[in-house]
$ cat run36.tsv   # TSV, C-alpha atoms
chain	number	residue	atom	x	y	z
A	1	MET	CA	139.24	48.39	147.19
A	2	ALA	CA	141.15	47.39	144.02
A	3	ASN	CA	138.65	48.83	141.57
A	4	PHE	CA	138.44	52.16	143.37
A	5	ASN	CA	138.74	54.43	140.32
A	6	ALA	CA	136.92	52.17	137.87
A	7	GLN	CA	133.91	51.90	140.20
A	8	LEU	CA	133.60	55.59	141.13
A	9	PRO	CA	131.61	56.84	138.10
A	10	THR	CA	129.09	54.02	138.70
A	11	ILE	CA	128.82	54.93	142.40
A	12	PHE	CA	128.34	58.62	141.57
A	13	GLY	CA	125.74	57.63	138.96
A	14	ALA	CA	123.84	55.61	141.56
A	15	LEU	CA	123.79	58.68	143.84
A	16	SER	CA	122.68	61.05	141.07
A	17	ASP	CA	118.97	60.43	141.62
A	18	PRO	CA	116.99	61.99	144.53
A	19	THR	CA	115.10	58.73	145.26
A	20	ARG	CA	118.27	56.63	145.43
A	21	LEU	CA	120.04	59.30	147.49
A	22	ALA	CA	117.13	59.28	149.96
A	23	VAL	CA	117.24	55.45	150.15
A	24	VAL	CA	120.97	55.55	151.00
A	25	GLU	CA	120.28	58.24	153.63
A	26	ARG	CA	117.62	55.95	155.14
A	27	LEU	CA	119.87	52.85	155.02
A	28	VAL	CA	122.69	54.44	157.06
A	29	THR	CA	120.30	54.24	160.03
A	30	GLY	CA	119.90	50.46	159.59
A	31	PRO	CA	118.56	47.70	157.28
A	32	ALA	CA	114.96	47.95	156.06
A	33	SER	CA	112.47	45.90	154.09
A	34	VAL	CA	111.75	46.91	150.49
A	35	SER	CA	108.18	47.91	151.37
A	36	GLU	CA	109.40	50.08	154.27
A	37	LEU	CA	111.97	51.75	151.98
A	38	ALA	CA	109.38	52.34	149.25
A	39	LYS	CA	106.76	53.89	151.57
A	40	PRO	CA	107.89	57.57	151.36
A	41	PHE	CA	107.86	57.51	147.55
A	42	ASP	CA	104.85	57.87	145.27
A	43	MET	CA	106.18	55.30	142.81
A	44	ALA	CA	105.13	51.99	141.24
A	45	GLY	CA	106.78	48.92	142.77
A	46	PRO	CA	108.79	47.92	139.64
A	47	SER	CA	110.18	51.46	139.29
A	48	PHE	CA	111.31	51.44	142.91
A	49	LEU	CA	112.90	47.99	142.49
A	50	LYS	CA	114.88	49.34	139.52
A	51	HIS	CA	116.32	52.05	141.78
A	52	LEU	CA	117.31	49.41	144.34
A	53	LYS	CA	118.98	47.36	141.59
A	54	VAL	CA	121.07	50.40	140.56
A	55	LEU	CA	122.22	50.80	144.19
A	56	GLU	CA	123.05	47.08	144.42
A	57	ASP	CA	124.89	47.05	141.07
A	58	ALA	CA	126.99	50.01	142.25
A	59	GLY	CA	127.89	48.09	145.42
A	60	LEU	CA	126.10	50.59	147.69
A	61	ALA	CA	123.54	48.12	149.02
A	62	ARG	CA	122.81	44.41	149.18
A	63	SER	CA	119.57	42.58	149.80
A	64	GLU	CA	118.44	39.21	151.08
A	65	LYS	CA	115.05	37.54	150.88
A	66	LYS	CA	113.71	35.56	153.82
A	67	GLY	CA	110.25	34.15	153.28
A	68	ARG	CA	108.25	36.94	151.64
A	69	VAL	CA	110.34	39.81	152.95
A	70	ARG	CA	113.38	41.22	151.15
A	71	THR	CA	115.65	43.17	153.50
A	72	VAL	CA	118.08	45.79	152.16
A	73	THR	CA	121.33	46.65	153.94
A	74	LEU	CA	123.87	49.40	153.21
A	75	SER	CA	127.31	48.37	151.92
A	76	PRO	CA	129.35	51.20	153.42
A	77	ASP	CA	132.49	50.82	151.23
A	78	GLY	CA	130.94	52.99	148.51
A	79	LEU	CA	130.47	55.90	150.94
A	80	HIS	CA	134.10	55.50	152.03
A	81	TRP	CA	135.29	55.70	148.43
A	82	VAL	CA	133.24	58.83	147.75
A	83	GLU	CA	134.54	60.47	150.93
A	84	GLU	CA	138.16	59.51	150.19
A	85	TRP	CA	137.96	60.76	146.62
A	86	ALA	CA	136.43	64.14	147.59
A	87	LEU	CA	138.82	64.59	150.54
A	88	ARG	CA	141.90	63.75	148.45
A	89	HIS	CA	140.97	66.16	145.67
A	90	ARG	CA	139.94	68.96	148.01
A	91	ARG	CA	143.37	68.63	149.67
A	92	LEU	CA	145.14	68.76	146.30
A	93	TRP	CA	143.20	71.94	145.51
A	94	GLU	CA	144.03	73.54	148.88
A	95	HIS	CA	147.68	72.49	148.61
A	96	ARG	CA	147.82	74.28	145.26
A	97	LEU	CA	146.26	77.43	146.80
A	98	ASP	CA	148.79	77.28	149.68
A	99	ASN	CA	151.66	77.05	147.20
A	100	LEU	CA	150.23	79.95	145.23
A	101	GLY	CA	149.91	81.99	148.44
A	102	ASN	CA	153.51	81.26	149.45
A	103	PHE	CA	154.69	82.19	145.97
A	104	LEU	CA	152.82	85.52	146.08
A	105	VAL	CA	154.08	86.35	149.62
A	106	LYS	CA	157.68	85.62	148.57
A	107	GLY	CA	157.17	87.61	145.39
A	108	ASN	CA	156.12	90.68	147.41
A	109	ASN	CA	159.13	90.55	149.80
B	1	MET	CA	125.40	76.39	150.70
B	2	ALA	CA	121.59	76.84	150.95
B	3	ASN	CA	120.73	74.37	148.18
B	4	PHE	CA	123.01	71.66	149.57
B	5	ASN	CA	120.57	68.74	149.30
B	6	ALA	CA	118.77	69.92	146.17
B	7	GLN	CA	122.07	70.29	144.28
B	8	LEU	CA	123.66	66.99	145.34
B	9	PRO	CA	122.04	64.64	142.77
B	10	THR	CA	123.17	67.05	140.01
B	11	ILE	CA	126.72	67.12	141.38
B	12	PHE	CA	126.82	63.32	141.64
B	13	GLY	CA	125.43	63.11	138.09
B	14	ALA	CA	128.20	65.38	136.83
B	15	LEU	CA	130.78	63.08	138.46
B	16	SER	CA	129.20	59.89	137.07
B	17	ASP	CA	131.15	60.00	133.81
B	18	PRO	CA	134.84	58.94	133.55
B	19	THR	CA	135.73	61.90	131.26
B	20	ARG	CA	134.17	64.49	133.57
B	21	LEU	CA	135.72	62.82	136.62
B	22	ALA	CA	139.15	62.99	134.95
B	23	VAL	CA	138.60	66.69	134.10
B	24	VAL	CA	137.81	67.48	137.76
B	25	GLU	CA	140.90	65.50	138.84
B	26	ARG	CA	142.96	67.61	136.43
B	27	LEU	CA	141.39	70.91	137.55
B	28	VAL	CA	142.28	70.43	141.23
B	29	THR	CA	145.90	70.98	140.16
B	30	GLY	CA	145.01	74.38	138.64
B	31	PRO	CA	143.06	76.15	135.85
B	32	ALA	CA	143.53	74.97	132.26
B	33	SER	CA	142.47	75.96	128.77
B	34	VAL	CA	139.75	73.92	127.07
B	35	SER	CA	142.21	72.59	124.48
B	36	GLU	CA	144.65	71.50	127.20
B	37	LEU	CA	141.82	69.76	129.09
B	38	ALA	CA	140.58	68.02	125.93
B	39	LYS	CA	144.02	66.72	124.89
B	40	PRO	CA	144.00	63.37	126.79
B	41	PHE	CA	140.59	62.41	125.33
B	42	ASP	CA	139.88	60.94	121.92
B	43	MET	CA	136.70	62.96	121.51
B	44	ALA	CA	135.17	65.49	119.09
B	45	GLY	CA	135.30	69.11	120.31
B	46	PRO	CA	131.51	69.56	120.67
B	47	SER	CA	131.22	66.35	122.73
B	48	PHE	CA	133.97	67.54	125.06
B	49	LEU	CA	132.32	70.98	125.40
B	50	LYS	CA	129.07	69.25	126.42
B	51	HIS	CA	130.95	67.52	129.26
B	52	LEU	CA	132.37	70.89	130.39
B	53	LYS	CA	128.86	72.38	130.31
B	54	VAL	CA	127.58	69.59	132.61
B	55	LEU	CA	130.39	70.38	135.07
B	56	GLU	CA	129.60	74.11	134.91
B	57	ASP	CA	125.84	73.56	135.30
B	58	ALA	CA	126.51	71.43	138.40
B	59	GLY	CA	128.62	74.25	139.85
B	60	LEU	CA	131.82	72.17	139.78
B	61	ALA	CA	133.68	74.43	137.32
B	62	ARG	CA	133.49	77.86	135.76
B	63	SER	CA	135.09	79.19	132.60
B	64	GLU	CA	136.13	82.54	131.18
B	65	LYS	CA	137.08	83.47	127.63
B	66	LYS	CA	139.92	85.91	127.01
B	67	GLY	CA	140.66	86.50	123.35
B	68	ARG	CA	140.51	83.08	121.70
B	69	VAL	CA	141.30	81.05	124.82
B	70	ARG	CA	138.65	79.78	127.24
B	71	THR	CA	140.12	78.96	130.64
B	72	VAL	CA	138.36	76.53	133.00
B	73	THR	CA	138.73	76.76	136.80
B	74	LEU	CA	137.48	74.39	139.51
B	75	SER	CA	134.70	75.63	141.81
B	76	PRO	CA	135.66	73.69	144.95
B	77	ASP	CA	132.32	74.01	146.82
B	78	GLY	CA	130.91	70.97	145.02
B	79	LEU	CA	133.78	68.78	146.28
B	80	HIS	CA	133.14	70.07	149.80
B	81	TRP	CA	129.48	69.14	149.58
B	82	VAL	CA	130.29	65.63	148.35
B	83	GLU	CA	132.84	65.16	151.12
B	84	GLU	CA	130.47	66.49	153.82
B	85	TRP	CA	127.61	64.31	152.63
B	86	ALA	CA	129.71	61.11	152.55
B	87	LEU	CA	131.40	61.89	155.88
B	88	ARG	CA	128.09	62.66	157.62
B	89	HIS	CA	126.42	59.47	156.41
B	90	ARG	CA	129.43	57.24	157.10
B	91	ARG	CA	129.40	58.61	160.67
B	92	LEU	CA	125.68	57.89	161.04
B	93	TRP	CA	126.35	54.33	159.87
B	94	GLU	CA	129.27	53.85	162.27
B	95	HIS	CA	127.31	55.41	165.15
B	96	ARG	CA	124.58	52.83	164.52
B	97	LEU	CA	127.15	49.99	164.55
B	98	ASP	CA	128.62	51.36	167.82
B	99	ASN	CA	125.15	51.39	169.39
B	100	LEU	CA	124.52	47.85	168.15
B	101	GLY	CA	127.88	46.74	169.60
B	102	ASN	CA	127.08	48.33	172.99
B	103	PHE	CA	123.67	46.70	172.99
B	104	LEU	CA	125.15	43.24	172.26
B	105	VAL	CA	127.88	43.65	174.94
B	106	LYS	CA	125.28	44.69	177.53
B	107	GLY	CA	123.02	41.86	176.44
B	108	ASN	CA	125.79	39.31	177.10
B	109	ASN	CA	126.56	40.60	180.61
$ encode --input "run36.tsv" --output "structure tokens"
Amino acid sequence: MANFNAQLPTIFGALSDPTRLAVVERLVTGPASVSELAKPFDMAGPSFLKHLKVLEDAGLARSEKKGRVRTVTLSPDGLHWVEEWALRHRRLWEHRLDNLGNFLVKGNN
Amino acid sequence: MANFNAQLPTIFGALSDPTRLAVVERLVTGPASVSELAKPFDMAGPSFLKHLKVLEDAGLARSEKKGRVRTVTLSPDGLHWVEEWALRHRRLWEHRLDNLGNFLVKGNN
């Protein structure tokens, strides 16, 4: 998890496309072949493979070819990083609001 | 929160740039003027304003001009959505691993 901050913009970029987001949402339920993953999308094969490459480059998925079938698996660390980042910054925001609230209450007494 | 899924790729896209990510990380500590936000970045004014516009369009920030000063404030809903999405999908992934673990344990008994 050393490159946490350096990797985040790339992870967010990988999730910024509806097709790639839908692929991640499918992969959390288990590994799938490329052809199974591509089925819901009206898209040429090479275009879909480019999307998979973006997910792999961002560390959100990995794939392995056995015979003629390439199977794609989620790499869950990326989801952890996204969750941690959002949680941490939401807490900072709420902490600030709490402090502001305390300050206003004290100011009125 | 009606447009949760439709808005997510746009929110992730807004967070996919290191400058915009740093601006959000600054805004969780409180509102700031545009010039204060721009200070840490070696960037022309118009380029920085474009980044702010992307954050506003994604619903992650809002800004208000009083006199000559434009003040930018975080809109925290976007962070909530990101956190909820990542949390929900991490849980789905872990639930699947739990089921797989139970299946393997039962299979060995």
$ atom_distance --input "run36.tsv" --atom1 "CA of Arg88 in chain A" --atom2 "CA of Leu79 in chain B"
9.8 Å
$ residues_around --input "run36.tsv" --residues "Leu97 in chain A" --least-positions-apart "2" --cutoff "12 Å" --atoms "only C-alpha atoms" --output "JSON list (two decimals) with C-alpha atoms, in the frame of the given file"
[["chain", "number", "residue", "atom", "x", "y", "z"],
["A", 90, "ARG", "CA", 139.94, 68.96, 148.01],
["A", 91, "ARG", "CA", 143.37, 68.63, 149.67],
["A", 92, "LEU", "CA", 145.14, 68.76, 146.30],
["A", 93, "TRP", "CA", 143.20, 71.94, 145.51],
["A", 94, "GLU", "CA", 144.03, 73.54, 148.88],
["A", 95, "HIS", "CA", 147.68, 72.49, 148.61],
["A", 99, "ASN", "CA", 151.66, 77.05, 147.20],
["A", 100, "LEU", "CA", 150.23, 79.95, 145.23],
["A", 101, "GLY", "CA", 149.91, 81.99, 148.44],
["A", 102, "ASN", "CA", 153.51, 81.26, 149.45],
["A", 103, "PHE", "CA", 154.69, 82.19, 145.97],
["A", 104, "LEU", "CA", 152.82, 85.52, 146.08],
["B", 28, "VAL", "CA", 142.28, 70.43, 141.23],
["B", 29, "THR", "CA", 145.90, 70.98, 140.16],
["B", 30, "GLY", "CA", 145.01, 74.38, 138.64],
["B", 31, "PRO", "CA", 143.06, 76.15, 135.85],
["B", 74, "LEU", "CA", 137.48, 74.39, 139.51],
["B", 76, "PRO", "CA", 135.66, 73.69, 144.95]]
$ atom_distance --input "run36.tsv" --atom1 "CA of His51 in chain B" --atom2 "CA of Thr19 in chain B"
7.6 Å
$ closest_residue --input "run36.tsv" --among "B:Leu15, B:Ala6, B:Val82, B:Val72" --to "Val34 in chain B" --atoms "all atoms listed in the file"
B:Val72
$ atom_distance --input "run36.tsv" --atom1 "CA of Gly13 in chain B" --atom2 "CA of Arg70 in chain A"
28.2 Å
$ residues_around --input "run36.tsv" --residues "range 38-40 of chain A" --least-positions-apart "2" --cutoff "10 Å" --atoms "only C-alpha atoms" --output "ChimeraX atom specification"
/A:19,22-23,32-36,42-45,48-49,52
$ residues_near_point --input "run36.tsv" --point "(131.2, 52.5, 139.5)" --cutoff "10 Å" --atoms "all atoms listed in the file" --output "list in words"
Asn3, Phe4, Asn5, Ala6, Gln7, Leu8, Pro9, Thr10, Ile11, Phe12, Gly13, Ala14, Asp57, Ala58, Gly59, Leu60 and Gly78 of chain A; Ser16, Asp17 and Pro18 of chain B
$ closest_residue --input "run36.tsv" --among "B:Leu27, B:Val105, B:Leu87, B:Leu21" --to "Arg62 in chain B" --atoms "all atoms listed in the file"
B:Leu27
